[in-house]
Each structure stands twice: as structure tokens, then as C-alpha cells.
file work_36.cif (mmCIF, C-alpha atoms)
data_final
loop_
_atom_site.label_atom_id
_atom_site.label_comp_id
_atom_site.auth_asym_id
_atom_site.auth_seq_id
_atom_site.Cartn_x
_atom_site.Cartn_y
_atom_site.Cartn_z
CA MET A 1 -115.58 -23.90 -121.22
CA GLY A 2 -114.29 -20.45 -120.50
CA THR A 3 -114.76 -17.15 -122.22
CA GLN A 4 -112.48 -16.57 -125.19
CA TYR A 5 -109.95 -13.77 -124.79
CA SER A 6 -107.80 -12.00 -127.34
CA ALA A 7 -104.68 -10.00 -126.66
CA LEU A 8 -104.82 -6.37 -127.79
CA SER A 9 -101.37 -5.77 -126.41
CA THR A 10 -99.14 -7.47 -123.90
CA GLN A 11 -100.95 -5.61 -121.09
CA TYR A 12 -104.63 -6.04 -121.89
CA LEU A 13 -106.99 -8.94 -122.55
CA VAL A 14 -110.38 -8.30 -124.10
CA ARG A 15 -113.43 -10.46 -123.60
CA GLN A 16 -115.32 -11.09 -126.81
CA ALA A 17 -119.04 -11.43 -127.50
CA ALA A 18 -121.11 -11.69 -130.67
CA THR A 19 -124.70 -10.81 -131.51
CA LEU A 20 -127.17 -11.19 -134.37
CA ALA A 21 -129.21 -8.29 -135.72
CA VAL A 22 -131.92 -10.28 -137.49
CA THR A 23 -134.32 -8.48 -139.82
CA TYR A 24 -137.15 -9.74 -141.99
CA PRO A 25 -139.60 -7.99 -144.36
CA SER A 26 -143.08 -6.80 -143.46
CA ARG A 27 -145.66 -4.48 -145.04
CA ARG A 28 -144.11 -1.63 -143.04
CA GLY A 29 -140.55 -2.44 -144.08
CA PRO A 30 -137.83 -4.36 -142.25
CA VAL A 31 -138.54 -5.64 -138.75
CA LEU A 32 -135.71 -6.17 -136.23
CA ILE A 33 -135.77 -8.91 -133.60
CA LEU A 34 -134.73 -7.79 -130.12
CA THR A 35 -135.11 -9.44 -126.72
CA ARG A 36 -135.89 -8.16 -123.24
CA ARG A 37 -133.81 -9.89 -120.60
CA PRO A 38 -135.55 -11.21 -117.47
CA GLU A 39 -135.37 -9.05 -114.34
CA THR A 40 -134.05 -12.10 -112.47
CA LEU A 41 -130.70 -12.16 -114.30
CA SER A 42 -127.64 -10.93 -112.41
CA ARG A 43 -126.15 -9.22 -115.49
CA HIS A 44 -128.12 -6.61 -117.45
CA PRO A 45 -131.53 -7.47 -115.93
CA GLY A 46 -134.51 -6.16 -117.90
CA GLN A 47 -132.38 -4.66 -120.67
CA ILE A 48 -133.22 -4.79 -124.35
CA ALA A 49 -130.64 -6.82 -126.28
CA LEU A 50 -129.81 -8.46 -129.56
CA PRO A 51 -129.68 -12.25 -129.45
CA GLY A 52 -126.11 -13.25 -128.68
CA GLY A 53 -123.54 -13.60 -125.95
CA MET A 54 -119.99 -14.41 -125.01
CA VAL A 55 -117.67 -16.19 -127.42
CA GLU A 56 -116.72 -19.56 -125.92
CA ALA A 57 -113.52 -21.50 -126.52
CA SER A 58 -115.53 -24.13 -128.43
CA ASP A 59 -116.83 -21.54 -130.94
CA VAL A 60 -114.94 -21.63 -134.24
CA SER A 61 -115.71 -17.95 -134.92
CA ASP A 62 -117.57 -14.92 -133.63
CA LEU A 63 -120.38 -15.73 -136.06
CA ALA A 64 -120.58 -19.30 -134.73
CA ALA A 65 -120.93 -17.86 -131.21
CA ALA A 66 -123.71 -15.48 -132.29
CA LEU A 67 -125.57 -18.31 -134.05
CA ARG A 68 -125.20 -20.62 -131.04
CA GLU A 69 -126.42 -17.98 -128.62
CA ALA A 70 -129.40 -17.03 -130.84
CA ARG A 71 -130.36 -20.70 -131.04
CA GLU A 72 -130.12 -21.04 -127.24
CA GLU A 73 -131.95 -17.78 -126.44
CA VAL A 74 -134.77 -17.62 -128.98
CA GLY A 75 -134.61 -20.92 -130.87
CA LEU A 76 -133.46 -19.25 -134.10
CA LEU A 77 -132.33 -21.86 -136.60
CA LEU A 78 -130.61 -20.58 -139.72
CA PRO A 79 -129.40 -22.52 -142.74
CA PRO A 80 -125.61 -23.03 -142.80
CA ASP A 81 -125.27 -20.91 -145.93
CA GLN A 82 -127.24 -17.94 -144.53
CA PRO A 83 -125.31 -14.74 -145.34
CA ALA A 84 -124.28 -12.62 -142.34
CA ILE A 85 -122.84 -9.14 -142.71
CA PRO A 86 -120.40 -8.06 -139.98
CA LEU A 87 -121.33 -4.67 -138.52
CA ARG A 88 -119.11 -2.24 -136.62
CA PRO A 89 -117.77 -3.81 -133.39
CA VAL A 90 -118.99 -2.22 -130.17
CA THR A 91 -117.10 -2.01 -126.88
CA THR A 92 -119.03 -1.82 -123.63
CA LEU A 93 -117.86 0.94 -121.33
CA THR A 94 -118.44 -0.76 -118.00
CA SER A 95 -117.16 -4.27 -118.73
CA GLY A 96 -114.80 -3.68 -121.67
CA ILE A 97 -116.37 -6.47 -123.71
CA VAL A 98 -115.89 -6.17 -127.48
CA ILE A 99 -119.09 -7.22 -129.23
CA GLN A 100 -119.05 -8.26 -132.88
CA PRO A 101 -122.58 -7.88 -134.30
CA PHE A 102 -123.69 -9.57 -137.50
CA TRP A 103 -126.66 -8.53 -139.63
CA VAL A 104 -128.80 -11.34 -141.01
CA THR A 105 -131.70 -10.61 -143.37
CA LEU A 106 -134.31 -13.34 -143.64
CA ASP A 107 -136.93 -13.75 -146.36
CA LEU A 108 -139.74 -14.60 -143.92
CA ARG A 109 -140.74 -13.86 -140.33
CA PRO A 110 -138.99 -16.53 -138.25
CA ARG A 111 -140.81 -18.72 -135.77
CA LEU A 112 -139.06 -18.32 -132.42
CA ARG A 113 -139.11 -20.26 -129.16
CA PRO A 114 -137.60 -18.03 -126.46
CA ASP A 115 -135.96 -19.68 -123.46
CA PRO A 116 -137.68 -18.03 -120.44
CA ARG A 117 -134.47 -18.32 -118.39
CA GLU A 118 -132.74 -15.94 -120.84
CA VAL A 119 -135.55 -14.02 -122.56
CA ALA A 120 -138.54 -12.33 -120.90
CA ALA A 121 -139.95 -11.15 -124.24
CA VAL A 122 -139.18 -11.11 -127.94
CA LEU A 123 -139.66 -7.68 -129.51
CA ARG A 124 -140.35 -7.36 -133.22
CA VAL A 125 -139.48 -3.73 -133.92
CA PRO A 126 -140.14 -2.09 -137.31
CA LEU A 127 -137.04 -0.09 -138.26
CA ALA A 128 -139.41 2.59 -139.60
CA ASP A 129 -140.55 3.22 -135.99
CA LEU A 130 -136.95 3.79 -134.91
CA ARG A 131 -136.31 6.14 -137.83
CA ARG A 132 -138.90 8.60 -136.50
CA PRO A 133 -137.16 11.60 -134.91
CA SER A 134 -139.15 11.13 -131.68
CA ALA A 135 -137.75 7.60 -131.24
CA ARG A 136 -134.19 8.83 -130.62
CA GLN A 137 -133.83 10.38 -127.19
CA VAL A 138 -131.26 11.10 -124.51
CA ILE A 139 -131.76 9.70 -121.01
CA PRO A 140 -129.80 9.62 -117.74
CA HIS A 141 -127.48 6.62 -117.64
CA PRO A 142 -129.20 3.98 -115.50
CA ARG A 143 -126.07 3.35 -113.41
CA ARG A 144 -123.95 6.49 -113.75
CA PRO A 145 -125.46 9.59 -112.13
CA GLY A 146 -124.93 12.75 -114.15
CA VAL A 147 -124.17 10.91 -117.40
CA GLN A 148 -126.54 11.20 -120.36
CA VAL A 149 -126.79 8.46 -123.00
CA PRO A 150 -128.57 8.25 -126.36
CA CYS A 151 -131.30 5.68 -126.78
CA PHE A 152 -134.28 4.64 -128.85
CA VAL A 153 -137.67 4.43 -127.18
CA TRP A 154 -140.16 2.03 -128.71
CA ARG A 155 -143.48 1.21 -127.00
CA ASP A 156 -142.09 2.16 -123.58
CA GLN A 157 -138.99 -0.01 -124.15
CA THR A 158 -135.63 1.76 -123.92
CA ILE A 159 -132.87 0.55 -126.22
CA TRP A 160 -129.54 1.91 -125.02
CA GLY A 161 -125.88 1.02 -124.58
CA ALA A 162 -124.21 -1.46 -126.91
CA THR A 163 -127.57 -2.53 -128.34
CA PHE A 164 -128.37 1.09 -129.22
CA GLN A 165 -125.04 1.44 -131.07
CA THR A 166 -125.71 -1.58 -133.28
CA VAL A 167 -129.37 -0.73 -133.85
CA GLU A 168 -128.42 2.83 -134.76
CA GLU A 169 -126.11 1.50 -137.47
CA LEU A 170 -129.07 -0.37 -138.99
CA VAL A 171 -131.44 2.59 -138.61
CA LEU A 172 -129.01 4.89 -140.43
CA ARG A 173 -128.58 2.51 -143.36
CA PRO A 174 -130.68 3.28 -146.42
CA GLU A 175 -133.42 0.75 -147.13
#
call {"tool": "encode", "arguments": {"input": "work_36.cif", "output": "C-alpha cells"}}
result
Amino acid sequence: MGTQYSALSTQYLVRQAATLAVTYPSRRGPVLILTRRPETLSRHPGQIALPGGMVEASDVSDLAAALREAREEVGLLLPPDQPAIPLRPVTTLTSGIVIQPFWVTLDLRPRLRPDPREVAAVLRVPLADLRRPSARQVIPHPRRPGVQVPCFVWRDQTIWGATFQTVEELVLRPE
């Protein structure tokens, strides 16, 4: 099964991916589930990410791809009628992948079973922590000398790039 492509014009093909921004309630407010990728991966090693991945030809939709990937990565099982709100698509600068994130709000903290081949750690991040002014910072781009990028820092974890863009959309939403 290959990666699904869509034509933006006759000249360009765009690779598509989909992610899930899963939140659930806690005493401190909504908590967001993120993952830290293993250092052993060839693509994006050690980075903080939302559960998700590339849209495959067998996926009937971007949402189906995000649900499949979340099930594979962290063992997240959602009911078929679980509402999912599409968020603003994000395009990665280095690879040109268009990522369609979906926001899913659960009633309870989910029990997860991360696959160690894809997930080094599951992070349960209170959105209130990311709303603190000190959480939003600017850092040197990890792979582009001289370029500065915005990020969130949470417990020594740096959330940047496409993940930052989606998380920022959630952080800026009123509760």
C-alpha cells in the first residue's frame, strides 16, 4: 500500500497525513495526549508528535487514517460515532506533507497501550500548562542554522514544527 497523493495542480503532488489531537477532562482542565517518538526512528527521531501518520490508499478518509494510526501507535480505540472536529491543515516545510488534524474530546482519560517501535513515551499535557506565557518560546531550528522557530516547552519537552501549529490552535481556543 502506498502513500495517498492528491493533485494540487498539474505540476505538484502533495503527500497527505492525518493526526488526532485527543483531549480529556481533568481537575486542571483539558489534557492533551502527545507522543515522543523513539530516537531509533529514521524520520523525526525523538520529536514530540500527535498520534497519526500518512494517509494510505486503503484509508477511506483522512479521519480513518488518523484513527488507524492512533490505534497502531498508542492503542487508542474510539467508538465509531465519536465526533471529530477538523482543525486547520498544516503543511510541513521540509517534506511538503499536508497534515489534516482532527480534535477529539473524550469524556474520560483513555487507557493507552503504546507500541514501543513507534512511541517512546506518551505525554499527557494539561492545556493550562501550555497557556502559561513562559511555555511559548522561540528556539533555533534543530536542522536549519540561523532559523528561529516558535515552540512550547513542557517539562523539558519541546513541541515544535507541525505539532506546535496544531497544539497552538487548541491552546488559543477558549475553554
call {"tool": "resolve_selection", "arguments": {"input": "work_36.cif", "expression": "the PyMOL selection byres ((chain A and resi 84) around 6)", "output": "tab-separated table (two decimals) with C-alpha atoms, keeping the file's coordinate frame"}}
result
chain	number	residue	atom	x	y	z
A	83	PRO	CA	-125.31	-14.74	-145.34
A	85	ILE	CA	-122.84	-9.14	-142.71
A	102	PHE	CA	-123.69	-9.57	-137.50
A	103	TRP	CA	-126.66	-8.53	-139.63
A	104	VAL	CA	-128.80	-11.34	-141.01
call {"tool": "closest_residue", "arguments": {"input": "work_36.cif", "among": "A:Ile99, A:Pro114, A:Leu108, A:Thr35", "to": "Glu72 of chain A", "atoms": "only C-alpha atoms"}}
result
A:Pro114
call {"tool": "residues_around", "arguments": {"input": "work_36.cif", "residues": "Glu69 of chain A", "least_positions_apart": "2", "cutoff": "8 Å", "atoms": "all atoms listed in the file", "output": "list in words"}}
result
Thr19, Pro51, Gly52, Gly53, Ala65, Ala66, Leu67, Arg71, Glu72 and Glu73 of chain A
call {"tool": "closest_atom_pairs", "arguments": {"input": "work_36.cif", "of": "segment 65-85 of chain A", "to": "segment 122-137 of chain A", "cutoff": "12 Å", "atoms": "all atoms listed in the file", "output": "JSON lines"}}
result
{"residue": "A:Ala70", "atom": "CA", "partner": "A:Val122", "partner_atom": "CA", "distance": 11.8}
{"residue": "A:Glu73", "atom": "CA", "partner": "A:Val122", "partner_atom": "CA", "distance": 10.0}
{"residue": "A:Val74", "atom": "CA", "partner": "A:Val122", "partner_atom": "CA", "distance": 7.9}
{"residue": "A:Gly75", "atom": "CA", "partner": "A:Val122", "partner_atom": "CA", "distance": 11.2}
{"residue": "A:Leu76", "atom": "CA", "partner": "A:Val122", "partner_atom": "CA", "distance": 11.7}
call {"tool": "closest_residue", "arguments": {"input": "work_36.cif", "among": "A:Arg111, A:Val98, A:Leu93, A:Thr163", "to": "Leu20 of chain A", "atoms": "all atoms listed in the file"}}
result
A:Thr163
call {"tool": "closest_residue", "arguments": {"input": "work_36.cif", "among": "A:Gln157, A:Met54, A:Leu63, A:Pro174", "to": "Leu34 of chain A", "atoms": "only C-alpha atoms"}}
result
A:Gln157
call {"tool": "residues_around", "arguments": {"input": "work_36.cif", "residues": "Val119 of chain A", "least_positions_apart": "4", "cutoff": "6 Å", "atoms": "only C-alpha atoms", "output": "list in words"}}
result
Arg36, Arg37, Pro38, Pro114 and Asp115 of chain A
call {"tool": "atom_distance", "arguments": {"input": "work_36.cif", "atom1": "atom CA of Pro30 of chain A", "atom2": "atom CA of Glu168 of chain A"}}
result
14.0 Å
call {"tool": "closest_residue", "arguments": {"input": "work_36.cif", "among": "A:Pro142, A:Glu56, A:Pro80, A:Val147", "to": "Ile159 of chain A", "atoms": "all atoms listed in the file"}}
result
A:Pro142
call {"tool": "atom_distance", "arguments": {"input": "work_36.cif", "atom1": "atom CA of Thr91 of chain A", "atom2": "atom CA of Asp62 of chain A"}}
result
14.6 Å
call {"tool": "residues_near_point", "arguments": {"input": "work_36.cif", "point": "(-136.1, -11.9, -143.4)", "cutoff": "8 Å", "atoms": "only C-alpha atoms", "output": "PyMOL selection string"}}
result
chain A and resi 22-25+30+104-110
call {"tool": "write_last_selection", "arguments": {"input": "work_36.cif", "atoms": "C-alpha atoms", "output": "compact mmCIF listing (two decimals), keeping the file's coordinate frame"}}
result
# COMPACT_ATOMS: atom_id res chain seq x y z
CA VAL A 22 -131.92 -10.28 -137.49
CA THR A 23 -134.32 -8.48 -139.82
CA TYR A 24 -137.15 -9.74 -141.99
CA PRO A 25 -139.60 -7.99 -144.36
CA PRO A 30 -137.83 -4.36 -142.25
CA VAL A 104 -128.80 -11.34 -141.01
CA THR A 105 -131.70 -10.61 -143.37
CA LEU A 106 -134.31 -13.34 -143.64
CA ASP A 107 -136.93 -13.75 -146.36
CA LEU A 108 -139.74 -14.60 -143.92
CA ARG A 109 -140.74 -13.86 -140.33
CA PRO A 110 -138.99 -16.53 -138.25
call {"tool": "resolve_selection", "arguments": {"input": "work_36.cif", "expression": "the PyMOL selection byres ((chain A and resi 90) around 8)", "output": "list in words"}}
result
Arg88, Pro89, Thr91, Thr92, Val98, Ile99, Gln100, Pro101, Ala162, Gln165 and Thr166 of chain A
call {"tool": "atom_distance", "arguments": {"input": "work_36.cif", "atom1": "atom CA of Trp160 of chain A", "atom2": "atom CA of Pro140 of chain A"}}
result
10.6 Å
call {"tool": "axis_aligned_box", "arguments": {"input": "work_36.cif", "around": "segment 16-30 of chain A", "padding_each_side": "3 Å", "output": "lines of an AutoDock Vina configuration file"}}
result
center_x = -130.5
center_y = -6.7
center_z = -135.9
size_x = 36.3
size_y = 16.1
size_z = 24.2
call {"tool": "closest_residue", "arguments": {"input": "work_36.cif", "among": "A:Ala64, A:Ile48, A:Arg113, A:Ala57", "to": "Cys151 of chain A", "atoms": "all atoms listed in the file"}}
result
A:Ile48
call {"tool": "closest_residue", "arguments": {"input": "work_36.cif", "among": "A:Asp81, A:Val171, A:Thr94, A:Leu112", "to": "Arg143 of chain A", "atoms": "all atoms listed in the file"}}
result
A:Thr94
